[in-house]
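**Q** Attaching a single structure in structure tokens format; questions to follow.
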There are 2 protein chains.
Amino acid sequence: MNYIKATNEELLAELESLRSKYARYLADIIRLDMTRGKPSADQLELSERMLGIISSNDDCFDASGLDCRNYGLLDGIPEAKALFASMIDVEPEQVILGGNSSLNLMFDTFCRAFCFGNVDSERPWSQEPKVKFICPAPGYDRHFAICQQFNIQMIPVAMKNDGPDMDAIEALVAEDAAIKGIWCVPKYSNPTGVVFSDEVVRRFANLKPKAPDFRIFWDNAYVIHDLYDESPKLLNILDECEKAGRPNMVYVFSSTSKITYPGSGVAMIASSKSNIEHMKKQIGVQTIGPDKLNQLRHVRMFPNKAALLEQMRKHADLLRPKFDAVLEILARDLEGTGIAKWSKPLGGYFVSFDSMPGCANRIYHLCDEAGVSLTKVGATFPYGNDPEDSNIRLAPSYPPIEELVVAMDRFTVCVRIASIEKILADRGSAVC
Amino acid sequence: MNYIKATNEELLAELESLRSKYARYLADIIRLDMTRGKPSADQLELSERMLGIISSNDDCFDASGLDCRNYGLLDGIPEAKALFASMIDVEPEQVILGGNSSLNLMFDTFCRAFCFGNVDSERPWSQEPKVKFICPAPGYDRHFAICQQFNIQMIPVAMKNDGPDMDAIEALVAEDAAIKGIWCVPKYSNPTGVVFSDEVVRRFANLKPKAPDFRIFWDNAYVIHDLYDESPKLLNILDECEKAGRPNMVYVFSSTSKITYPGSGVAMIASSKSNIEHMKKQIGVQTIGPDKLNQLRHVRMFPNKAALLEQMRKHADLLRPKFDAVLEILARDLEGTGIAKWSKPLGGYFVSFDSMPGCANRIYHLCDEAGVSLTKVGATFPYGNDPEDSNIRLAPSYPPIEELVVAMDRFTVCVRIASIEKILADRGSAVC
């Protein structure tokens, strides 16, 4: 049924039927979590061999003979730098390996610019009268949280099918020297699943920002996280920035959080050689270096990029049925209703769902009552404020598929209830 | 021979004999490193069992059933918090576990105060017209490097036998609201080996700083790093601050860098509950949490504090002969010469050596030419500036004992050459 075109009587009948379903859900108490992009237990089991891969004193040396147990080596062991450089398609000299968290690398990179400035800064960002960041939205809540903590004004720009609205971004950065950066998840964007087109990447690399120390924070979290063998290719932003004569303008981030272990992976930052040299000097004051044994575990488990890709195919085999289930239930229950649209991602960890404007919060609360936890509505927007009250990020990866199906059944019922209520209210009809 | 009292003729004869020894060193090319407090290979081998202690999927859960491979848990798994809280003699709620580097925790704690202020700040330290830190000297170069990176003015105060000069510190903090903190290594201080007396700890806890957000950075790096069974006890600064009504005034840092692995240990910060709550909120923006599998490895290897202490006895058995060798050679070659004094530490990683004023740099260069690398002279002072040019930090832990003996033989020859040159120059005598 197309709810938008349905009569009030049809909608009221439908609502009654949905509410009686919903009442049964309330009686059947469960708690299902679709809040975050966490790998499932069976995905984690794929890396079991890595756990014990270093088990004796003799295992602890890298190819150069360096003792990975001891102090030293700020930027990572050479073979791990080589492996992860190949993963993100850069040169090893362009990479610094971090601890287990790429978020931490992003925060610290941001924070260093705030405290000390970056290589192109006239002064630390903390000394600027005003600093602003562009935030394509919907986007990743943890990026926005960093801006908020540093009291940086966030300027939302719309996400389109091939990346953020580049016309808007080009105009903003050219005009306003207070705009110091932008957050991006360029492949399988969180939450929309969008892969930035070649044209969008080139337009990023050719930005002419008024601020000389403007930086693109390119969070390539899902660089090899494809659901299908045929996967879209993302143009190399570092190469494009080099070609455009602004090699320092971009920081690329990635990690093995969703390749091996979210809690015990290896994070990395890649950038121009001059950025990397500058950062190494600064990071050398902060730490004596990240966990090299864990880098060694990764290298022993994955001798080359092909081994990483093989691991990702196994992840995809576990994830694909879950995405399929979510998409099938959405299609089954909502296709043709006119009240929702959603992404059909080729990789990454999310399905982005857009309800009718003004319904997302109601859906969230209905789901919560019915035992289904969703990502907080608004989380995908700067300041937690979705101006349309319509975007909901669905995270299918963590629950077992049986639970996911139960959760999605409840979700679409809640969507339909909220939507009918809204339509009837908009028509001025009293909802019984 | 007492060089100070010797005649010029006696000194010239001694110098000639030392210089011929030195000439032989120059011909016998070696490279020995006494620069840093690194555990030796045999110390690292003590933790071999920990490497493979988690080797299957089933091993990855903490006592509460939490999957340590996945995201979550900002402050550490409960049993690891309990273990390390017992190690540093605090309550588990007072602890946040970090990654592998306590330096990183110190830097970040400092940096958060700089960017956002701490719980008692009127404004972020970056917004203050001037921020100063007190630096007991000689001290730890990496503490001073943090101040330098943030452009914080360092005020050196003298180290005495029972801790830093508390009269000076009390006067400074009471007068000057720009003084926001102080660095301390309270047990087996780096490099002097001093253990702060109970009185000194109590005077710290009873400081009345003019700045409400003044903080003591209490780097308890050598908390259980005793060389002998009979070891000095350090009073608990958190308890004393609590008693004195200023529970927020201190941050305690420690790590397992020199218990298990320097590169792959677990670092920790402990403080008042209100500081801890405040920090957790801030850290939650920076990271999704540290490596929990590595915490679990530590807990499985060390079920309780007694197991940690047992490990430290094994470290002491390996370290003690090295300290003994250093102290024996110093006594053999320099006792009674009147040209040097040195510490006889009961724990920690260093012997602090004081030459006659004006000789340390010359000794450093003579040693360097003779193949012995020492910690850069001045490194133990703010701005790398030892006003007396006399302190040299000796780090006996890393080289095998045979090499250490060779290095120390050369060291004392260099000390004697430099000292005789200085004495003769001071007397206005031409040195041939």
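Starting from 1 in every chain, residues are counted up; chains themselves are A, B, ... following the order of the structure tokens, and ligands are numbered from 1 as listed.
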Leaving out stretch 45-61 of chain B and any residue of its chain fewer than 3 positions from it, which residues lie within 9 Å of it when counting only C-alpha atoms, given as a PyMOL selection string?
**A** (chain A and resi 44-45+47-57) or (chain B and resi 40-42+64-69+259-261+293+296-298+300-301+311+314-315)
**Q** Just N, CA, C and O atoms for this one: save the residues we selected as a compact mmCIF listing (two decimals), in the first residue's frame.
**A**
# COMPACT_ATOMS: atom_id res chain seq x y z
N LEU A 44 35.05 -12.24 14.48
CA LEU A 44 36.26 -12.19 15.32
C LEU A 44 37.01 -13.51 15.29
O LEU A 44 38.24 -13.56 15.37
N GLU A 45 36.24 -14.58 15.15
CA GLU A 45 36.88 -15.90 15.15
C GLU A 45 37.78 -16.12 13.94
O GLU A 45 38.64 -17.00 13.95
N SER A 47 40.18 -14.45 13.04
CA SER A 47 41.57 -14.08 13.31
C SER A 47 42.20 -14.93 14.42
O SER A 47 43.26 -14.56 14.95
N GLU A 48 41.59 -16.04 14.73
CA GLU A 48 42.09 -16.85 15.85
C GLU A 48 43.59 -17.18 15.72
O GLU A 48 44.32 -17.13 16.70
N ARG A 49 44.01 -17.50 14.50
CA ARG A 49 45.40 -17.91 14.32
C ARG A 49 46.39 -16.82 14.75
O ARG A 49 47.51 -17.10 15.16
N MET A 50 45.94 -15.55 14.65
CA MET A 50 46.83 -14.45 15.01
C MET A 50 47.12 -14.41 16.51
O MET A 50 48.17 -13.93 16.94
N LEU A 51 46.19 -14.91 17.32
CA LEU A 51 46.33 -14.81 18.78
C LEU A 51 47.63 -15.42 19.27
O LEU A 51 48.36 -14.82 20.05
N GLY A 52 47.89 -16.63 18.80
CA GLY A 52 49.05 -17.34 19.32
C GLY A 52 50.23 -17.35 18.36
O GLY A 52 51.17 -18.13 18.53
N ILE A 53 50.19 -16.48 17.37
CA ILE A 53 51.18 -16.56 16.29
C ILE A 53 52.57 -16.14 16.77
O ILE A 53 53.58 -16.52 16.17
N ILE A 54 52.64 -15.39 17.86
CA ILE A 54 53.91 -15.09 18.53
C ILE A 54 53.83 -15.70 19.91
O ILE A 54 53.05 -15.25 20.75
N SER A 55 54.60 -16.75 20.13
CA SER A 55 54.43 -17.44 21.41
C SER A 55 55.75 -17.73 22.11
O SER A 55 55.75 -18.18 23.24
N SER A 56 56.88 -17.44 21.45
CA SER A 56 58.14 -17.69 22.14
C SER A 56 59.07 -16.49 21.97
O SER A 56 58.87 -15.65 21.10
N ASN A 57 60.08 -16.43 22.81
CA ASN A 57 61.04 -15.32 22.75
C ASN A 57 61.60 -15.13 21.34
O ASN A 57 61.79 -14.01 20.89
N SER B 40 67.11 -5.43 29.47
CA SER B 40 67.96 -6.26 28.62
C SER B 40 67.17 -7.42 28.04
O SER B 40 66.05 -7.71 28.48
N ALA B 41 67.78 -8.08 27.07
CA ALA B 41 67.12 -9.23 26.44
C ALA B 41 66.72 -10.29 27.47
O ALA B 41 65.62 -10.85 27.41
N ASP B 42 67.60 -10.56 28.44
CA ASP B 42 67.24 -11.62 29.40
C ASP B 42 66.09 -11.19 30.32
O ASP B 42 65.30 -12.03 30.76
N SER B 64 33.90 -11.28 33.42
CA SER B 64 32.48 -10.93 33.29
C SER B 64 31.87 -11.46 32.00
O SER B 64 30.69 -11.27 31.74
N GLY B 65 32.69 -12.09 31.16
CA GLY B 65 32.19 -12.60 29.89
C GLY B 65 32.36 -11.65 28.73
O GLY B 65 31.98 -11.94 27.60
N LEU B 66 32.92 -10.49 28.98
CA LEU B 66 33.14 -9.50 27.93
C LEU B 66 34.15 -10.01 26.90
O LEU B 66 35.19 -10.56 27.25
N ASP B 67 33.82 -9.82 25.63
CA ASP B 67 34.73 -10.22 24.56
C ASP B 67 35.81 -9.16 24.40
O ASP B 67 35.54 -8.06 23.89
N CYS B 68 37.01 -9.49 24.80
CA CYS B 68 38.09 -8.49 24.80
C CYS B 68 38.60 -8.18 23.39
O CYS B 68 39.38 -7.25 23.22
N ARG B 69 38.16 -8.94 22.40
CA ARG B 69 38.58 -8.64 21.03
C ARG B 69 37.81 -7.47 20.44
O ARG B 69 38.27 -6.83 19.50
N ILE B 259 58.09 -4.26 33.65
CA ILE B 259 57.65 -5.48 34.35
C ILE B 259 57.49 -6.59 33.31
O ILE B 259 57.98 -7.69 33.47
N THR B 260 56.78 -6.24 32.23
CA THR B 260 56.65 -7.20 31.12
C THR B 260 57.47 -6.68 29.94
O THR B 260 58.66 -6.95 29.86
N TYR B 261 56.83 -5.88 29.05
CA TYR B 261 57.52 -5.43 27.85
C TYR B 261 57.44 -3.90 27.70
O TYR B 261 56.34 -3.34 27.72
N LEU B 293 42.86 -7.19 24.95
CA LEU B 293 43.51 -8.51 24.90
C LEU B 293 44.85 -8.45 25.63
O LEU B 293 45.23 -9.40 26.32
N LEU B 296 44.30 -8.59 29.22
CA LEU B 296 43.96 -9.96 29.60
C LEU B 296 45.21 -10.83 29.68
O LEU B 296 45.36 -11.65 30.59
N ARG B 297 46.14 -10.64 28.72
CA ARG B 297 47.41 -11.38 28.79
C ARG B 297 48.10 -11.12 30.12
O ARG B 297 48.62 -12.04 30.76
N HIS B 298 48.11 -9.86 30.53
CA HIS B 298 48.78 -9.51 31.78
C HIS B 298 48.09 -10.18 32.98
O HIS B 298 48.77 -10.69 33.88
N ARG B 300 46.25 -12.87 33.02
CA ARG B 300 46.42 -14.33 33.02
C ARG B 300 47.82 -14.70 33.51
O ARG B 300 48.02 -15.72 34.16
N MET B 301 48.80 -13.86 33.17
CA MET B 301 50.19 -14.11 33.57
C MET B 301 50.39 -13.80 35.05
O MET B 301 51.15 -14.47 35.74
N GLN B 311 57.81 -11.61 39.81
CA GLN B 311 58.46 -11.23 38.55
C GLN B 311 59.53 -10.16 38.80
O GLN B 311 60.62 -10.20 38.21
N LYS B 314 62.77 -11.48 39.94
CA LYS B 314 63.59 -12.03 38.85
C LYS B 314 64.30 -10.91 38.08
O LYS B 314 65.46 -11.05 37.69
N HIS B 315 63.57 -9.81 37.85
CA HIS B 315 64.24 -8.66 37.22
C HIS B 315 65.41 -8.20 38.08
O HIS B 315 66.51 -7.94 37.57
**Q** Taking the DSSP assignment computed from this structure's backbone, write out as a PDB file with all heavy atoms, in the first residue's frame all residues of stretch 127-196 of chain B that belong to strand (DSSP E).
**A**
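Heads up, here's the output in out.pdb:
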ATOM      1  N   LYS B 132      53.457  27.955  33.942  1.00  0.00           N
ATOM      2  CA  LYS B 132      54.785  27.486  34.364  1.00  0.00           C
ATOM      3  C   LYS B 132      54.662  26.125  35.055  1.00  0.00           C
ATOM      4  O   LYS B 132      53.625  25.823  35.647  1.00  0.00           O
ATOM      5  CB  LYS B 132      55.411  28.489  35.343  1.00  0.00           C
ATOM      6  CG  LYS B 132      55.524  29.904  34.814  1.00  0.00           C
ATOM      7  CD  LYS B 132      56.043  30.845  35.900  1.00  0.00           C
ATOM      8  CE  LYS B 132      55.910  32.313  35.491  1.00  0.00           C
ATOM      9  NZ  LYS B 132      56.186  33.217  36.618  1.00  0.00           N
ATOM     10  N   PHE B 133      55.700  25.356  34.959  1.00  0.00           N
ATOM     11  CA  PHE B 133      55.772  24.070  35.652  1.00  0.00           C
ATOM     12  C   PHE B 133      57.063  24.012  36.461  1.00  0.00           C
ATOM     13  O   PHE B 133      58.100  24.515  36.014  1.00  0.00           O
ATOM     14  CB  PHE B 133      55.773  22.917  34.632  1.00  0.00           C
ATOM     15  CG  PHE B 133      54.512  22.101  34.641  1.00  0.00           C
ATOM     16  CD1 PHE B 133      53.298  22.681  34.308  1.00  0.00           C
ATOM     17  CD2 PHE B 133      54.534  20.754  34.987  1.00  0.00           C
ATOM     18  CE1 PHE B 133      52.124  21.930  34.312  1.00  0.00           C
ATOM     19  CE2 PHE B 133      53.365  19.989  34.996  1.00  0.00           C
ATOM     20  CZ  PHE B 133      52.159  20.572  34.664  1.00  0.00           C
ATOM     21  N   ILE B 134      56.966  23.387  37.611  1.00  0.00           N
ATOM     22  CA  ILE B 134      58.171  23.167  38.418  1.00  0.00           C
ATOM     23  C   ILE B 134      58.792  21.833  38.011  1.00  0.00           C
ATOM     24  O   ILE B 134      58.088  20.826  37.870  1.00  0.00           O
ATOM     25  CB  ILE B 134      57.835  23.169  39.923  1.00  0.00           C
ATOM     26  CG1 ILE B 134      57.228  24.520  40.319  1.00  0.00           C
ATOM     27  CG2 ILE B 134      59.076  22.868  40.757  1.00  0.00           C
ATOM     28  CD1 ILE B 134      56.787  24.581  41.772  1.00  0.00           C
ATOM     29  N   CYS B 135      60.084  21.850  37.803  1.00  0.00           N
ATOM     30  CA  CYS B 135      60.798  20.657  37.349  1.00  0.00           C
ATOM     31  C   CYS B 135      61.965  20.355  38.276  1.00  0.00           C
ATOM     32  O   CYS B 135      63.039  20.951  38.120  1.00  0.00           O
ATOM     33  CB  CYS B 135      61.311  20.872  35.934  1.00  0.00           C
ATOM     34  SG  CYS B 135      60.007  21.147  34.739  1.00  0.00           S
ATOM     35  N   PRO B 136      61.775  19.455  39.243  1.00  0.00           N
ATOM     36  CA  PRO B 136      62.926  19.033  40.039  1.00  0.00           C
ATOM     37  C   PRO B 136      64.019  18.516  39.107  1.00  0.00           C
ATOM     38  O   PRO B 136      63.722  17.751  38.176  1.00  0.00           O
ATOM     39  CB  PRO B 136      62.360  17.902  40.913  1.00  0.00           C
ATOM     40  CG  PRO B 136      60.900  18.211  41.018  1.00  0.00           C
ATOM     41  CD  PRO B 136      60.535  18.799  39.681  1.00  0.00           C
ATOM     42  N   ALA B 137      65.248  18.979  39.354  1.00  0.00           N
ATOM     43  CA  ALA B 137      66.334  18.625  38.441  1.00  0.00           C
ATOM     44  C   ALA B 137      67.578  18.248  39.239  1.00  0.00           C
ATOM     45  O   ALA B 137      67.853  18.888  40.257  1.00  0.00           O
ATOM     46  CB  ALA B 137      66.624  19.796  37.504  1.00  0.00           C
ATOM     47  N   GLN B 153      56.818  27.422  30.614  1.00  0.00           N
ATOM     48  CA  GLN B 153      58.086  27.801  31.249  1.00  0.00           C
ATOM     49  C   GLN B 153      58.430  26.837  32.374  1.00  0.00           C
ATOM     50  O   GLN B 153      57.617  26.602  33.271  1.00  0.00           O
ATOM     51  CB  GLN B 153      57.986  29.228  31.788  1.00  0.00           C
ATOM     52  CG  GLN B 153      59.325  29.715  32.345  1.00  0.00           C
ATOM     53  CD  GLN B 153      59.189  31.038  33.073  1.00  0.00           C
ATOM     54  OE1 GLN B 153      58.371  31.883  32.703  1.00  0.00           O
ATOM     55  NE2 GLN B 153      59.976  31.220  34.124  1.00  0.00           N
ATOM     56  N   MET B 154      59.637  26.283  32.339  1.00  0.00           N
ATOM     57  CA  MET B 154      60.058  25.331  33.374  1.00  0.00           C
ATOM     58  C   MET B 154      60.897  26.026  34.421  1.00  0.00           C
ATOM     59  O   MET B 154      61.804  26.789  34.103  1.00  0.00           O
ATOM     60  CB  MET B 154      60.872  24.204  32.740  1.00  0.00           C
ATOM     61  CG  MET B 154      60.036  23.307  31.848  1.00  0.00           C
ATOM     62  SD  MET B 154      61.009  21.934  31.152  1.00  0.00           S
ATOM     63  CE  MET B 154      61.604  22.672  29.628  1.00  0.00           C
ATOM     64  N   ILE B 155      60.550  25.740  35.674  1.00  0.00           N
ATOM     65  CA  ILE B 155      61.307  26.306  36.790  1.00  0.00           C
ATOM     66  C   ILE B 155      62.035  25.168  37.489  1.00  0.00           C
ATOM     67  O   ILE B 155      61.397  24.344  38.155  1.00  0.00           O
ATOM     68  CB  ILE B 155      60.365  27.003  37.797  1.00  0.00           C
ATOM     69  CG1 ILE B 155      59.502  28.054  37.080  1.00  0.00           C
ATOM     70  CG2 ILE B 155      61.156  27.613  38.943  1.00  0.00           C
ATOM     71  CD1 ILE B 155      58.419  28.640  37.956  1.00  0.00           C
ATOM     72  N   PRO B 156      63.348  25.094  37.356  1.00  0.00           N
ATOM     73  CA  PRO B 156      64.042  23.995  38.022  1.00  0.00           C
ATOM     74  C   PRO B 156      64.101  24.211  39.530  1.00  0.00           C
ATOM     75  O   PRO B 156      64.265  25.348  39.979  1.00  0.00           O
ATOM     76  CB  PRO B 156      65.455  24.035  37.419  1.00  0.00           C
ATOM     77  CG  PRO B 156      65.563  25.299  36.651  1.00  0.00           C
ATOM     78  CD  PRO B 156      64.239  25.971  36.595  1.00  0.00           C
ATOM     79  N   VAL B 157      63.917  23.135  40.283  1.00  0.00           N
ATOM     80  CA  VAL B 157      64.259  23.193  41.716  1.00  0.00           C
ATOM     81  C   VAL B 157      65.189  22.015  41.999  1.00  0.00           C
ATOM     82  O   VAL B 157      65.156  21.000  41.298  1.00  0.00           O
ATOM     83  CB  VAL B 157      63.025  23.128  42.662  1.00  0.00           C
ATOM     84  CG1 VAL B 157      62.047  24.253  42.375  1.00  0.00           C
ATOM     85  CG2 VAL B 157      62.353  21.787  42.610  1.00  0.00           C
ATOM     86  N   ALA B 158      65.981  22.166  43.043  1.00  0.00           N
ATOM     87  CA  ALA B 158      67.022  21.166  43.312  1.00  0.00           C
ATOM     88  C   ALA B 158      66.424  19.873  43.862  1.00  0.00           C
ATOM     89  O   ALA B 158      65.406  19.877  44.557  1.00  0.00           O
ATOM     90  CB  ALA B 158      68.026  21.730  44.304  1.00  0.00           C
ATOM     91  N   MET B 159      67.062  18.772  43.532  1.00  0.00           N
ATOM     92  CA  MET B 159      66.746  17.488  44.157  1.00  0.00           C
ATOM     93  C   MET B 159      67.668  17.315  45.360  1.00  0.00           C
ATOM     94  O   MET B 159      68.877  17.562  45.268  1.00  0.00           O
ATOM     95  CB  MET B 159      67.016  16.344  43.167  1.00  0.00           C
ATOM     96  CG  MET B 159      65.869  16.056  42.222  1.00  0.00           C
ATOM     97  SD  MET B 159      64.329  15.520  43.018  1.00  0.00           S
ATOM     98  CE  MET B 159      64.745  13.842  43.468  1.00  0.00           C
ATOM     99  N   LYS B 160      67.071  16.900  46.479  1.00  0.00           N
ATOM    100  CA  LYS B 160      67.873  16.605  47.668  1.00  0.00           C
ATOM    101  C   LYS B 160      67.824  15.092  47.901  1.00  0.00           C
ATOM    102  O   LYS B 160      67.264  14.353  47.075  1.00  0.00           O
ATOM    103  CB  LYS B 160      67.327  17.394  48.851  1.00  0.00           C
ATOM    104  CG  LYS B 160      67.254  18.901  48.528  1.00  0.00           C
ATOM    105  CD  LYS B 160      66.484  19.680  49.573  1.00  0.00           C
ATOM    106  CE  LYS B 160      67.425  20.195  50.639  1.00  0.00           C
ATOM    107  NZ  LYS B 160      66.700  21.113  51.568  1.00  0.00           N
ATOM    108  N   GLY B 163      64.064  13.895  48.289  1.00  0.00           N
ATOM    109  CA  GLY B 163      63.054  14.444  47.385  1.00  0.00           C
ATOM    110  C   GLY B 163      63.450  15.860  46.980  1.00  0.00           C
ATOM    111  O   GLY B 163      64.532  16.328  47.331  1.00  0.00           O
ATOM    112  N   PRO B 164      62.574  16.524  46.229  1.00  0.00           N
ATOM    113  CA  PRO B 164      62.935  17.873  45.787  1.00  0.00           C
ATOM    114  C   PRO B 164      62.894  18.868  46.954  1.00  0.00           C
ATOM    115  O   PRO B 164      62.367  18.568  48.023  1.00  0.00           O
ATOM    116  CB  PRO B 164      61.863  18.201  44.740  1.00  0.00           C
ATOM    117  CG  PRO B 164      60.769  17.239  44.946  1.00  0.00           C
ATOM    118  CD  PRO B 164      61.284  16.059  45.691  1.00  0.00           C
ATOM    119  N   ILE B 179      51.890  28.995  38.022  1.00  0.00           N
ATOM    120  CA  ILE B 179      52.478  27.656  38.199  1.00  0.00           C
ATOM    121  C   ILE B 179      51.351  26.643  38.315  1.00  0.00           C
ATOM    122  O   ILE B 179      50.583  26.630  39.270  1.00  0.00           O
ATOM    123  CB  ILE B 179      53.389  27.610  39.439  1.00  0.00           C
ATOM    124  CG1 ILE B 179      54.580  28.553  39.235  1.00  0.00           C
ATOM    125  CG2 ILE B 179      53.866  26.177  39.693  1.00  0.00           C
ATOM    126  CD1 ILE B 179      55.515  28.629  40.428  1.00  0.00           C
ATOM    127  N   LYS B 180      51.252  25.800  37.289  1.00  0.00           N
ATOM    128  CA  LYS B 180      50.117  24.893  37.177  1.00  0.00           C
ATOM    129  C   LYS B 180      50.470  23.463  37.541  1.00  0.00           C
ATOM    130  O   LYS B 180      49.587  22.598  37.572  1.00  0.00           O
ATOM    131  CB  LYS B 180      49.592  24.904  35.738  1.00  0.00           C
ATOM    132  CG  LYS B 180      48.979  26.224  35.300  1.00  0.00           C
ATOM    133  CD  LYS B 180      47.695  26.521  36.041  1.00  0.00           C
ATOM    134  CE  LYS B 180      46.950  27.690  35.408  1.00  0.00           C
ATOM    135  NZ  LYS B 180      45.755  28.036  36.195  1.00  0.00           N
ATOM    136  N   GLY B 181      51.743  23.157  37.732  1.00  0.00           N
ATOM    137  CA  GLY B 181      52.043  21.775  38.047  1.00  0.00           C
ATOM    138  C   GLY B 181      53.505  21.522  38.286  1.00  0.00           C
ATOM    139  O   GLY B 181      54.350  22.436  38.215  1.00  0.00           O
ATOM    140  N   ILE B 182      53.772  20.273  38.587  1.00  0.00           N
ATOM    141  CA  ILE B 182      55.141  19.827  38.862  1.00  0.00           C
ATOM    142  C   ILE B 182      55.284  18.374  38.409  1.00  0.00           C
ATOM    143  O   ILE B 182      54.337  17.590  38.494  1.00  0.00           O
ATOM    144  CB  ILE B 182      55.471  19.948  40.373  1.00  0.00           C
ATOM    145  CG1 ILE B 182      56.933  19.534  40.666  1.00  0.00           C
ATOM    146  CG2 ILE B 182      54.512  19.120  41.232  1.00  0.00           C
ATOM    147  CD1 ILE B 182      57.386  19.911  42.075  1.00  0.00           C
ATOM    148  N   TRP B 183      56.435  18.055  37.874  1.00  0.00           N
ATOM    149  CA  TRP B 183      56.766  16.669  37.517  1.00  0.00           C
ATOM    150  C   TRP B 183      57.521  16.003  38.668  1.00  0.00           C
ATOM    151  O   TRP B 183      58.431  16.631  39.223  1.00  0.00           O
ATOM    152  CB  TRP B 183      57.688  16.627  36.299  1.00  0.00           C
ATOM    153  CG  TRP B 183      57.066  17.066  35.019  1.00  0.00           C
ATOM    154  CD1 TRP B 183      57.332  18.227  34.351  1.00  0.00           C
ATOM    155  CD2 TRP B 183      56.114  16.350  34.230  1.00  0.00           C
ATOM    156  NE1 TRP B 183      56.587  18.282  33.189  1.00  0.00           N
ATOM    157  CE2 TRP B 183      55.833  17.141  33.099  1.00  0.00           C
ATOM    158  CE3 TRP B 183      55.451  15.124  34.376  1.00  0.00           C
ATOM    159  CZ2 TRP B 183      54.934  16.747  32.108  1.00  0.00           C
ATOM    160  CZ3 TRP B 183      54.559  14.731  33.395  1.00  0.00           C
ATOM    161  CH2 TRP B 183      54.299  15.529  32.283  1.00  0.00           C
ATOM    162  N   CYS B 184      57.190  14.764  38.970  1.00  0.00           N
ATOM    163  CA  CYS B 184      57.939  14.006  39.977  1.00  0.00           C
ATOM    164  C   CYS B 184      58.089  12.555  39.559  1.00  0.00           C
ATOM    165  O   CYS B 184      57.159  11.974  39.000  1.00  0.00           O
ATOM    166  CB  CYS B 184      57.181  13.982  41.315  1.00  0.00           C
ATOM    167  SG  CYS B 184      57.059  15.559  42.113  1.00  0.00           S
TER     168      CYS B 184
END
**Q** Nearest to B:Asp333: which of B:Arg36, B:Lys210, B:Arg416, B:His143 is it, counting only C-alpha atoms?
**A**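 Between B:Arg36, B:Lys210, B:Arg416, B:His143, the residue approaching B:Asp333 most closely is B:Arg416.
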**Q** Based on the backbone DSSP call, show me all residues of stretch 207-412 of chain A assigned alpha helix (DSSP H), as JSON, numbers by chain.
**A** {"A": [237, 238, 239, 240, 241, 242, 243, 273, 274, 275, 276, 277, 278, 279, 280, 281, 282, 283, 284, 285, 286, 292, 293, 294, 295, 296, 297, 298, 299, 300, 301, 305, 306, 307, 308, 309, 310, 311, 312, 313, 314, 315, 316, 317, 318, 319, 320, 321, 322, 323, 324, 325, 326, 327, 328, 329, 330, 331, 332, 333, 334, 360, 361, 362, 363, 364, 365, 366, 367, 368, 369, 401, 402, 403, 404, 405, 406, 407, 408, 409, 410, 411, 412]}
**Q** Would you please work out which residue, of B:Leu394, B:Ser101, B:Asp386, B:Glu335, is nearest to B:Ser373 when using only C-alpha atoms?
**A** B:Leu394
**Q** Can you list, as a list in words, every protein, DNA or RNA residue that comes within 8 Å of stretch 82-97 of chain B when you count only C-alpha atoms, leaving out same-chain residues fewer than 4 positions away?
**A** Leu74, Asp75, Gly76, Pro78, Val223, Ile224, Asn236, Leu238, Ser254, Val266, Ala267, Met268, Ile269, Ala270, Ser271, Ser272, Lys273, Ile276, Lys280, Pro290, Val299, Pro303, Asn304, Lys305 and Leu308 of chain B
**Q** Distance atom CA of B:Ala113-atom CA of B:Gln148, one decimal place?
**A** 15.4 Å
**Q** Have a look at A:Asn248, A:Thr109, A:Thr287, A:Ser102 and name the one nearest to chain B; count only C-alpha atoms.
**A**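 Closest candidate: A:Thr287.
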**Q** For chain B, which residue among A:Met356, A:Ile169, A:Val285, A:Met1 is the nearest when counting only C-alpha atoms?
**A**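 Counting only C-alpha atoms, the residue closest to chain B is A:Val285.
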**Q** Which residues are close to B:Ile146, i.e. within 9 Å by only C-alpha atoms, leaving aside same-chain residues fewer than 6 positions away? Reply as a PyMOL selection string.
**A** (chain A and resi 285-286) or (chain B and resi 106-107+110+152)
**Q** I need the chosen residues saved as a compact mmCIF listing (two decimals), in the first residue's frame, with N, CA and C atoms.
**A**
# COMPACT_ATOMS: atom_id res chain seq x y z
N VAL A 285 57.42 13.25 21.19
CA VAL A 285 57.32 13.81 22.54
C VAL A 285 56.20 13.13 23.33
N GLN A 286 55.24 12.59 22.60
CA GLN A 286 54.04 12.05 23.22
C GLN A 286 54.19 10.59 23.66
N MET B 106 50.61 10.63 30.27
CA MET B 106 51.04 11.91 30.86
C MET B 106 50.85 13.04 29.85
N PHE B 107 51.32 12.80 28.63
CA PHE B 107 51.18 13.81 27.58
C PHE B 107 49.71 14.17 27.40
N PHE B 110 48.24 16.14 30.33
CA PHE B 110 48.74 17.51 30.20
C PHE B 110 47.99 18.24 29.09
N ILE B 152 55.68 25.74 27.82
CA ILE B 152 55.44 26.00 29.24
C ILE B 152 56.78 26.35 29.87
